[in-house]
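Enquirer: Here it is: the structure, laid out below.
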Amino acid sequence: MNIFKTSLFAAASAVVLAGCGSSTAPIISTPIENIDTLPLKTAPLSDEQYKRWGAADLITDTIPGMSVDKTYNEILSKRKKGSTVIVGVIDSGVDVEHEDLKNVIWVNEDEIPGNGKDDDNNGYVDDIHGWNFLGDIVGENLEYTRIMRKLEPKFKGKTEASISAADRESFALYNKAKAEYEKEKQEVAANKARYEQILQQVKPAHEAMVEKLGKDDYTAEELAAISNPTASEKQQIAMLTQMLSYGDSVNAVIEQLEGGIDYFGGRLENHFNLEKDFRSVLGDNPDDITDTNYGNNQVSGPDPKKEDAKHGTHVSGIIAGERNNEIGIDGVAENVEIMVIRAVPDGDEYDKDIALAIRYAVDNGAKVINTSFGKYYTTHPEWVRDAIKYAASKDVLIVNAAGNEGIDLDETEVYPNDQTKTGAEYADNVLTVGALNYKYGGELVATFSNYGKSNVDVFAPGVKIWATTPLNEYEYLQGTSMAAPAVAGVAATLRSYYPNLSASEIKQIIMDSGLSSNTNVILGGDDSNTDNFTNISTSGKMVNMYNAMIMADKKSRLK
């Protein structure tokens with residue numbers, strides 16, 4: 001990935017950006033720089049700071065946010081409203097009726113709601129807010145599970161010596177998938193058993209302490225103050241004291257344990273299920289990209305409680321939660337509409353769905369697409385690559401989550417991406433985002449975030465992010481899935497105010513305008529694995545909306 005060289009941040013004094021190409025006055029502001037001289041923030045964040053830390057400014061708050069509030073207060077509040085930008089959210093679905101999203105959801109004006117016709121002749125009937133490529137599917141296999149199920153009848157029990165030359169590549173893929181399947185399934189089953197064992201011990205101990213203390217919200221100090229405990233009570237006190245280090249109350253820890261058991265049980269039922277073909281209910285052929293007559297317009301998904309739409313709803317809120325409406329949250333961007341494309345199940349997505357979802361977003365007017373998903377096995381990568389190239393040809397920027405395994409993506413290929421196995425970039429419209437923690441310094445990079453000098457472009461806030469969840473709720477979630485939409489919001493804002501800048505130019509501006517640091521950071525949550533922050537992404541920077549606006553203004557006027 002080539003970086004556009006700029007001397008914008010070399011000047012220490014105020015910079016006046018002037019030129020042609022914009023109807024408004026140039027931005028007069030000083031770019032943010034020299035952050036390595038900042039003191040580290042040692043005080044814990046307040047509840048309000050946690051809820052807005054992604055919008056904070058590193059200089060004034062010593063919190064590594066994207067300077068969103070500073071941008072609105074000092075730049076955007078003085079400018080005319082930008083043009084509307086459609087952002088395609090390819091995800092698990094979105095609660096389009098959420099109080100903080102309902103006014104920013106894209107509406108297909110060329111479609112007559114509920115008449116059962118494809119009024120705009122785009123191939124999708126009644127696609128008012130987008131399209132649901134999953135139909136009623138919620139759970140799904142992992143890709144290597146699907147590979148195993150497809151290839152096992154042919155290769156089970158076979159040795160390499162018995163395999164023809166024509167089948168050796170497929171045989172190698174089968175064995176790789178099988179090894180991964182067996183390893184991961186065993187780990188998940190072990191985790192489920194461990195959580196169950198802990199819960200079996202914690203519940204009776206908690207019930208005993210509730211009876212003894214006459215309350216169920218006791219503290220570690222109250223446990224320690226119990227006089228003359230029996231031998232059994234000593235064991236219970238020790239266990240419950242340990243549990244209280246994991247949550248605010250034992251009830252909260254029990255809820256976490258039960259949630260973990262449900263999570264691991266769900267994975268065993270869905271991700272590793274060799275018996276069930278989840279896809280069969282759609283009636284399409286997932287290996288035929290031309291078979292497109294499937295899915296429906298229920299973009300929130302089939303669940304009335306919309307639980308499976310939590311991820312996509314959270315992502316959408318980060319991008320576009322309605323600003324200044326005195327409820328909920330303020331998304332990064334205003335002047336945006338969220339186009340909902342449901343294509344990501346609880347399991348690995350199908351390449352066909354993602355390729356068609358990208359094309360749907362492009363063909364229906366999206367200028368930014370958020371892709372907060374990924375997998376490490378693929379069967380039809382060429383379909384997704386062609387769709388990404390198609391988006392590039394139509395000047396659409398794709399903002400992509402780097403993934404949450406804490407690994408170096410220069411050593412492990414993930415899908416989707418914008419590079420071939422040789423490292424050559426085949427498109428200039430994909431911006432891959434790693435996740436930042438709210439702690440500036442050695443813990444700056446989220447413990448789970450993937451990284452890579454070649455395959456990750458920038459970093460943005462992704463730990464403990466407060467945003468919308470279904471049924472008018474709000475929650476903290478974390479992941480590179482949260483970092484990507486923060487950057488998609490920045491990209492949409494730039495496209496709103498500077499429509500003469502191309503997708504590749506917006507990508508380069510976001511990369512070049514970020515803040516860097518020479519701090520050594522911990523990678524993958526492993527204290528022994530550290531590197532300089534500048535070495536773990538192509539730009540070596542964290543996204544900064546304030547600087548991006550200044551640079552975009554200058555570049556726009558030079559065109």
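Just remember, in the structure tokens the first chain shown is A, the second B, etc., residues are 1-based per chain, and ligands are 1-based in the order shown.
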Mind checking which residues fall within 9 Å of Glu111 in chain A, counting only C-alpha atoms, ignoring those fewer than 5 positions away in the same chain, and posting them as a PyMOL selection string?

Expert: chain A and resi 117-120+125-128

Enquirer: Within 10 Å of range 241-252 of chain A, counting only C-alpha atoms, which residues show up once you throw out same-chain ones fewer than 5 positions away? Write them as a list in words, please.

Expert: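 Listed by chain and then number, they are Ile198, Val202, Lys203, His206, Asp216, Asp217, Tyr218, Thr219, Ala220, Glu221, Glu222, Leu223, Ala224, Gln235, Gln236, Leu257 and Glu258 of chain A.
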
Enquirer: Dump N, CA and C atoms for the selected residues as a PDB file, in the first residue's frame?

Expert:
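Listing of out-v1.pdb after writing:
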ATOM      1  N   ILE A 198     -17.281 -24.492  36.897  1.00  0.00           N
ATOM      2  CA  ILE A 198     -17.191 -23.326  37.787  1.00  0.00           C
ATOM      3  C   ILE A 198     -18.572 -22.929  38.285  1.00  0.00           C
ATOM      4  N   VAL A 202     -19.968 -22.331  42.021  1.00  0.00           N
ATOM      5  CA  VAL A 202     -20.288 -20.973  42.460  1.00  0.00           C
ATOM      6  C   VAL A 202     -21.732 -20.858  42.949  1.00  0.00           C
ATOM      7  N   LYS A 203     -22.664 -21.466  42.252  1.00  0.00           N
ATOM      8  CA  LYS A 203     -24.082 -21.305  42.604  1.00  0.00           C
ATOM      9  C   LYS A 203     -24.402 -21.742  44.033  1.00  0.00           C
ATOM     10  N   HIS A 206     -22.776 -19.380  46.530  1.00  0.00           N
ATOM     11  CA  HIS A 206     -23.481 -18.102  46.564  1.00  0.00           C
ATOM     12  C   HIS A 206     -24.781 -18.226  47.372  1.00  0.00           C
ATOM     13  N   ASP A 216     -28.007 -10.611  48.690  1.00  0.00           N
ATOM     14  CA  ASP A 216     -27.372 -11.277  47.549  1.00  0.00           C
ATOM     15  C   ASP A 216     -26.414 -10.367  46.789  1.00  0.00           C
ATOM     16  N   ASP A 217     -26.173  -9.160  47.338  1.00  0.00           N
ATOM     17  CA  ASP A 217     -25.254  -8.236  46.675  1.00  0.00           C
ATOM     18  C   ASP A 217     -24.086  -7.871  47.592  1.00  0.00           C
ATOM     19  N   TYR A 218     -23.607  -8.864  48.303  1.00  0.00           N
ATOM     20  CA  TYR A 218     -22.516  -8.662  49.253  1.00  0.00           C
ATOM     21  C   TYR A 218     -21.199  -8.327  48.542  1.00  0.00           C
ATOM     22  N   THR A 219     -20.275  -7.771  49.313  1.00  0.00           N
ATOM     23  CA  THR A 219     -18.962  -7.388  48.790  1.00  0.00           C
ATOM     24  C   THR A 219     -17.881  -8.328  49.295  1.00  0.00           C
ATOM     25  N   ALA A 220     -16.712  -8.199  48.718  1.00  0.00           N
ATOM     26  CA  ALA A 220     -15.567  -8.991  49.178  1.00  0.00           C
ATOM     27  C   ALA A 220     -15.221  -8.642  50.615  1.00  0.00           C
ATOM     28  N   GLU A 221     -15.397  -7.378  50.982  1.00  0.00           N
ATOM     29  CA  GLU A 221     -15.107  -6.950  52.353  1.00  0.00           C
ATOM     30  C   GLU A 221     -16.074  -7.601  53.338  1.00  0.00           C
ATOM     31  N   GLU A 222     -17.324  -7.723  52.957  1.00  0.00           N
ATOM     32  CA  GLU A 222     -18.308  -8.371  53.833  1.00  0.00           C
ATOM     33  C   GLU A 222     -18.022  -9.859  53.973  1.00  0.00           C
ATOM     34  N   LEU A 223     -17.526 -10.471  52.921  1.00  0.00           N
ATOM     35  CA  LEU A 223     -17.126 -11.878  53.031  1.00  0.00           C
ATOM     36  C   LEU A 223     -15.956 -12.040  53.984  1.00  0.00           C
ATOM     37  N   ALA A 224     -14.989 -11.130  53.868  1.00  0.00           N
ATOM     38  CA  ALA A 224     -13.800 -11.199  54.726  1.00  0.00           C
ATOM     39  C   ALA A 224     -14.130 -10.945  56.187  1.00  0.00           C
ATOM     40  N   GLN A 235     -13.863 -22.188  52.244  1.00  0.00           N
ATOM     41  CA  GLN A 235     -13.723 -22.508  50.824  1.00  0.00           C
ATOM     42  C   GLN A 235     -14.673 -21.656  49.983  1.00  0.00           C
ATOM     43  N   GLN A 236     -15.897 -21.517  50.475  1.00  0.00           N
ATOM     44  CA  GLN A 236     -16.880 -20.711  49.760  1.00  0.00           C
ATOM     45  C   GLN A 236     -16.461 -19.246  49.688  1.00  0.00           C
ATOM     46  N   LEU A 257     -21.070 -16.409  33.419  1.00  0.00           N
ATOM     47  CA  LEU A 257     -20.803 -17.835  33.242  1.00  0.00           C
ATOM     48  C   LEU A 257     -21.910 -18.496  32.422  1.00  0.00           C
ATOM     49  N   GLU A 258     -23.153 -18.163  32.738  1.00  0.00           N
ATOM     50  CA  GLU A 258     -24.273 -18.732  31.981  1.00  0.00           C
ATOM     51  C   GLU A 258     -24.236 -18.261  30.532  1.00  0.00           C
TER      52      GLU A 258
END

Enquirer: Out of range 418-522 of chain A, which residues get strand (DSSP E) from DSSP, as a PyMOL selection string?

Expert: chain A and resi 430-436+458-461+465-469+473-477+515-516+520-522

Enquirer: Counting only C-alpha atoms, give me one row per residue of range 191-270 of chain A with an atom at most 12 Å from an atom of range 274-278 of chain A, showing the shortest contact pair and its distance in Å to one decimal, sorted by chain then residue number, as a Markdown table.

Expert:
| residue | atom | partner | partner_atom | distance |
| --- | --- | --- | --- | --- |
| A:Leu268 | CA | A:Leu274 | CA | 10.1 |
| A:Glu269 | CA | A:Lys276 | CA | 9.2 |
| A:Asn270 | CA | A:Lys276 | CA | 8.3 |

Enquirer: Would you save the residues of that selection, restricted to N, CA and C atoms, as a PDB file, in the first residue's frame?

Expert:
ATOM      1  N   LEU A 268     -20.945 -25.016  19.384  1.00  0.00           N
ATOM      2  CA  LEU A 268     -20.949 -26.455  19.109  1.00  0.00           C
ATOM      3  C   LEU A 268     -22.143 -26.838  18.246  1.00  0.00           C
ATOM      4  N   GLU A 269     -23.277 -26.187  18.480  1.00  0.00           N
ATOM      5  CA  GLU A 269     -24.493 -26.503  17.748  1.00  0.00           C
ATOM      6  C   GLU A 269     -24.448 -25.972  16.321  1.00  0.00           C
ATOM      7  N   ASN A 270     -23.817 -24.806  16.140  1.00  0.00           N
ATOM      8  CA  ASN A 270     -23.837 -24.157  14.826  1.00  0.00           C
ATOM      9  C   ASN A 270     -22.520 -24.284  14.074  1.00  0.00           C
TER      10      ASN A 270
END

Enquirer: Please provide as a PDB file with N, CA and C atoms, in the first residue's frame all residues within 9 Å of Asp91 in chain A, with the sequence filter that same-chain residues fewer than 5 positions apart are discarded (counting only C-alpha atoms).

Expert:
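Just written: part10.pdb:
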ATOM      1  N   ALA A 309     -29.525  -9.293  15.404  1.00  0.00           N
ATOM      2  CA  ALA A 309     -29.159  -8.043  14.726  1.00  0.00           C
ATOM      3  C   ALA A 309     -28.332  -7.127  15.619  1.00  0.00           C
ATOM      4  N   HIS A 311     -25.112  -7.065  16.481  1.00  0.00           N
ATOM      5  CA  HIS A 311     -23.827  -6.636  15.930  1.00  0.00           C
ATOM      6  C   HIS A 311     -24.007  -5.535  14.895  1.00  0.00           C
ATOM      7  N   GLY A 312     -24.901  -5.764  13.930  1.00  0.00           N
ATOM      8  CA  GLY A 312     -25.118  -4.773  12.880  1.00  0.00           C
ATOM      9  C   GLY A 312     -25.722  -3.484  13.398  1.00  0.00           C
ATOM     10  N   THR A 313     -26.574  -3.590  14.422  1.00  0.00           N
ATOM     11  CA  THR A 313     -27.177  -2.396  15.017  1.00  0.00           C
ATOM     12  C   THR A 313     -26.130  -1.564  15.734  1.00  0.00           C
ATOM     13  N   VAL A 315     -22.852  -1.553  15.081  1.00  0.00           N
ATOM     14  CA  VAL A 315     -22.006  -0.992  14.030  1.00  0.00           C
ATOM     15  C   VAL A 315     -22.657   0.253  13.424  1.00  0.00           C
ATOM     16  N   VAL A 340     -28.955  -1.195   4.779  1.00  0.00           N
ATOM     17  CA  VAL A 340     -28.761  -2.437   5.524  1.00  0.00           C
ATOM     18  C   VAL A 340     -28.686  -3.628   4.573  1.00  0.00           C
ATOM     19  N   ILE A 341     -27.587  -4.359   4.622  1.00  0.00           N
ATOM     20  CA  ILE A 341     -27.457  -5.588   3.838  1.00  0.00           C
ATOM     21  C   ILE A 341     -27.107  -6.707   4.805  1.00  0.00           C
ATOM     22  N   ARG A 342     -28.055  -7.600   5.021  1.00  0.00           N
ATOM     23  CA  ARG A 342     -27.853  -8.697   5.980  1.00  0.00           C
ATOM     24  C   ARG A 342     -27.222  -9.881   5.254  1.00  0.00           C
ATOM     25  N   ALA A 343     -25.969 -10.183   5.601  1.00  0.00           N
ATOM     26  CA  ALA A 343     -25.251 -11.253   4.906  1.00  0.00           C
ATOM     27  C   ALA A 343     -24.271 -11.988   5.820  1.00  0.00           C
ATOM     28  N   VAL A 344     -24.263 -11.638   7.121  1.00  0.00           N
ATOM     29  CA  VAL A 344     -23.283 -12.208   8.052  1.00  0.00           C
ATOM     30  C   VAL A 344     -24.022 -12.960   9.161  1.00  0.00           C
ATOM     31  N   PRO A 345     -23.989 -14.292   9.138  1.00  0.00           N
ATOM     32  CA  PRO A 345     -24.696 -15.098  10.140  1.00  0.00           C
ATOM     33  C   PRO A 345     -23.843 -15.300  11.392  1.00  0.00           C
ATOM     34  N   ASN A 370     -19.212  -0.654   4.985  1.00  0.00           N
ATOM     35  CA  ASN A 370     -18.533  -1.178   6.163  1.00  0.00           C
ATOM     36  C   ASN A 370     -18.624  -2.700   6.174  1.00  0.00           C
ATOM     37  N   THR A 371     -17.469  -3.368   6.341  1.00  0.00           N
ATOM     38  CA  THR A 371     -17.416  -4.832   6.376  1.00  0.00           C
ATOM     39  C   THR A 371     -16.755  -5.287   7.670  1.00  0.00           C
ATOM     40  N   SER A 372     -17.535  -5.380   8.729  1.00  0.00           N
ATOM     41  CA  SER A 372     -17.018  -5.813  10.033  1.00  0.00           C
ATOM     42  C   SER A 372     -17.204  -7.317  10.210  1.00  0.00           C
ATOM     43  N   PHE A 373     -16.476  -8.082   9.437  1.00  0.00           N
ATOM     44  CA  PHE A 373     -16.523  -9.536   9.500  1.00  0.00           C
ATOM     45  C   PHE A 373     -15.277 -10.075   8.832  1.00  0.00           C
TER      46      PHE A 373
END

Enquirer: Contacts of range 538-542 of chain A at 6 Å or less, counting only C-alpha atoms, minus same-chain residues fewer than 6 places along, as a list in words?

Expert: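 Everything that qualifies: Lys453, Ser454, Asp457, Val458, Phe459, Ala460, Met511, Gly514, Leu515 and Ser516 of chain A.
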
Enquirer: Calculate how many Å separate CA of Glu184 in chain A from CA of Pro381 in chain A, rounding to one decimal.

Expert: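 Separation between CA of Glu184 in chain A and CA of Pro381 in chain A: 22.9 Å.
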
Enquirer: Separation of CA of Tyr451 in chain A and CA of Ser537 in chain A, in Å?

Expert: 6.3 Å

Enquirer: Give me the residues within 6 Å of range 284-296 of chain A as a count of residues only, counting only C-alpha atoms and dropping any in the same chain fewer than 3 places off.

Expert: 5

Enquirer: Select, from A:Lys439, A:Arg385, A:Lys81, A:Lys367, the residue with the minimum atom-to-atom distance to Ala43 in chain A, counting only C-alpha atoms.

Expert: A:Lys439

Enquirer: Please identify all polymer residues within 7 Å of range 414-418 of chain A, counting only C-alpha atoms, omitting same-chain residues fewer than 6 positions from it, and present them as a list in words.

Expert: Gly374, Lys375, Tyr376, Glu425, Tyr426, Ala427 and Val430 of chain A

Enquirer: Find, counting only C-alpha atoms, the residue in A:Glu337, A:Glu143, A:Trp383, A:Ala488 that gets nearest to Arg359 in chain A.

Expert: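 Closest to Arg359 in chain A of all the choices is A:Trp383.
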
Enquirer: Go through A:Glu207, A:Asp262, A:Glu473, A:Glu160 and flag the residue nearest Val188 in chain A, using only C-alpha atoms for the distances.

Expert: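 Of A:Glu207, A:Asp262, A:Glu473, A:Glu160, the one nearest Val188 in chain A is A:Asp262, counting only C-alpha atoms.
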
Enquirer: So which bits of range 140-388 of chain A end up helix (DSSP H, G or I) when you DSSP the backbone, as a PyMOL selection string?

Expert: chain A and resi 143-155+160-162+165-213+220-224+231-243+250-270+278-282+307-320+351-363+381-388

Enquirer: Find the spatial neighbours of Asn544 in chain A, counting only C-alpha atoms, within a cut-off of 8 Å - ignore same-chain residues fewer than 3 positions away - and output them as a compact mmCIF listing (two decimals) with C-alpha atoms, in the first residue's frame.

Expert:
# COMPACT_ATOMS: atom_id res chain seq x y z
CA GLY A 65 -9.96 8.96 20.47
CA MET A 66 -10.42 10.34 16.94
CA SER A 67 -10.98 14.02 17.91
CA VAL A 68 -14.58 13.78 16.69
CA ILE A 510 -7.33 8.98 6.43
CA SER A 513 -3.57 12.44 8.43
CA GLY A 514 -3.58 10.16 11.44
CA LEU A 515 -1.52 10.48 14.59
CA ASN A 547 -6.53 16.24 10.82
CA ALA A 548 -8.37 14.37 8.07

Enquirer: Between A:Glu255, A:Glu334, A:Asp95, A:Asp136, which residue has the minimum interatomic distance to Ser300 in chain A, considering only C-alpha atoms?

Expert: A:Asp95

Enquirer: Which of these residues is nearest to Asn437 in chain A, using only C-alpha atoms: A:Leu523, A:Ala424, A:Ile358, A:Ile35?

Expert: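 Looking only at the distances to Asn437 in chain A, the closest residue turns out to be A:Leu523.
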
Enquirer: Could you tell me which of A:Lys178, A:Arg557, A:Lys305, A:Arg168 comes closest to Met148 in chain A if we count only C-alpha atoms?

Expert: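 Of all the options, A:Lys178 lies closest to Met148 in chain A.
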